[in-house]
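Asker: What follows is a single structure, and I will ask about it in a moment.
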Amino acid sequence: MQFIITFFWSFLLISLLNYVVSSVNAVPFDFGLGAIVSVIVAIMLFIMSAILPEEQLPDYE
């Protein structure tokens with residue numbers, strides 16, 4: 001389930017960013033490029049979450 005949610009949010013945010021930047025630069029909107037970049041970002045997030053350790057933080061009370 002976390003993979004679907006991560007891909008959904010990366011797809012939504014990257015597509016929105018792609019649309020806004022293409023509108024500001026007065027170039028045509030390319031939906032395919034946003035989809036490809038969102039897949040790449042989602043895969044990078046999965047790799048980063050697998051690499052980073054999940055250690056408990058020390059309690060400083």
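All residue names refer to the structure tokens as shown: chains lettered A, B, ... in order, residues numbered from 1 in each chain, ligands numbered from 1 in order.
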Using only C-alpha atoms, determine which residues lie at most 9 Å from Val20 of chain A, disregarding the query and same-chain residues fewer than 5 positions distant; provide the list as a VMD selection string.
Answerer: chain A and resid 15 25 29
Asker: Can you tell me which residues surround segment 43-51 of chain A at a distance of at most 10 Å, considering only C-alpha atoms, apart from same-chain residues fewer than 3 positions away, and format the answer as a PyMOL selection string?
Answerer: chain A and resi 2-3+6-7+10+37-40+54
Asker: Since we have the selection now, will you write its residues out, keeping C-alpha atoms, as a CSV table (one decimal), in the first residue's frame?
Answerer:
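Output saved as out.csv:
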chain,number,residue,atom,x,y,z
A,2,GLN,CA,2.9,2.4,0.8
A,3,PHE,CA,4.2,1.9,-2.8
A,6,THR,CA,4.0,7.1,-2.7
A,7,PHE,CA,3.7,6.8,-6.4
A,10,SER,CA,4.9,11.8,-6.5
A,37,VAL,CA,9.9,11.6,-13.7
A,38,SER,CA,7.4,10.7,-11.1
A,39,VAL,CA,8.2,7.0,-11.5
A,40,ILE,CA,11.9,7.8,-11.1
A,54,GLU,CA,15.6,3.0,11.4
Asker: Running DSSP on the backbone, which parts of chain A land in helix (DSSP H, G or I), as a count of residues only?
Answerer: 44
Asker: Just give me the gap between atom CA of Ala35 of chain A and atom CA of Asn18 of chain A in Å, one decimal is fine.
Answerer: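 Distance reported for this atom pair: 9.7 Å.
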Asker: Find the residues around Trp9 of chain A up to 9 Å (only C-alpha atoms counted), leave out those fewer than 4 positions away in its own chain, and share them as an mmCIF file with N, CA and C atoms, in the first residue's frame.
Answerer:
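For reference, selection-v3.cif as written:
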data_model
loop_
_atom_site.group_PDB
_atom_site.id
_atom_site.type_symbol
_atom_site.label_atom_id
_atom_site.label_comp_id
_atom_site.auth_asym_id
_atom_site.auth_seq_id
_atom_site.Cartn_x
_atom_site.Cartn_y
_atom_site.Cartn_z
ATOM 1 N N ILE A 4 1.885 2.314 -3.526
ATOM 2 C CA ILE A 4 0.833 2.956 -4.315
ATOM 3 C C ILE A 4 0.650 4.407 -3.881
ATOM 4 N N ILE A 5 0.625 4.635 -2.582
ATOM 5 C CA ILE A 5 0.445 5.998 -2.067
ATOM 6 C C ILE A 5 1.642 6.874 -2.441
ATOM 7 N N LEU A 13 2.336 15.509 -7.493
ATOM 8 C CA LEU A 13 3.170 16.693 -7.271
ATOM 9 C C LEU A 13 4.081 16.998 -8.458
ATOM 10 N N ILE A 14 4.656 15.974 -9.072
ATOM 11 C CA ILE A 14 5.539 16.201 -10.222
ATOM 12 C C ILE A 14 4.735 16.700 -11.416
ATOM 13 N N SER A 38 8.006 11.116 -12.323
ATOM 14 C CA SER A 38 7.381 10.697 -11.064
ATOM 15 C C SER A 38 7.703 9.248 -10.732
ATOM 16 N N ALA A 42 9.711 8.202 -7.361
ATOM 17 C CA ALA A 42 9.159 7.185 -6.452
ATOM 18 C C ALA A 42 10.170 6.067 -6.214
#
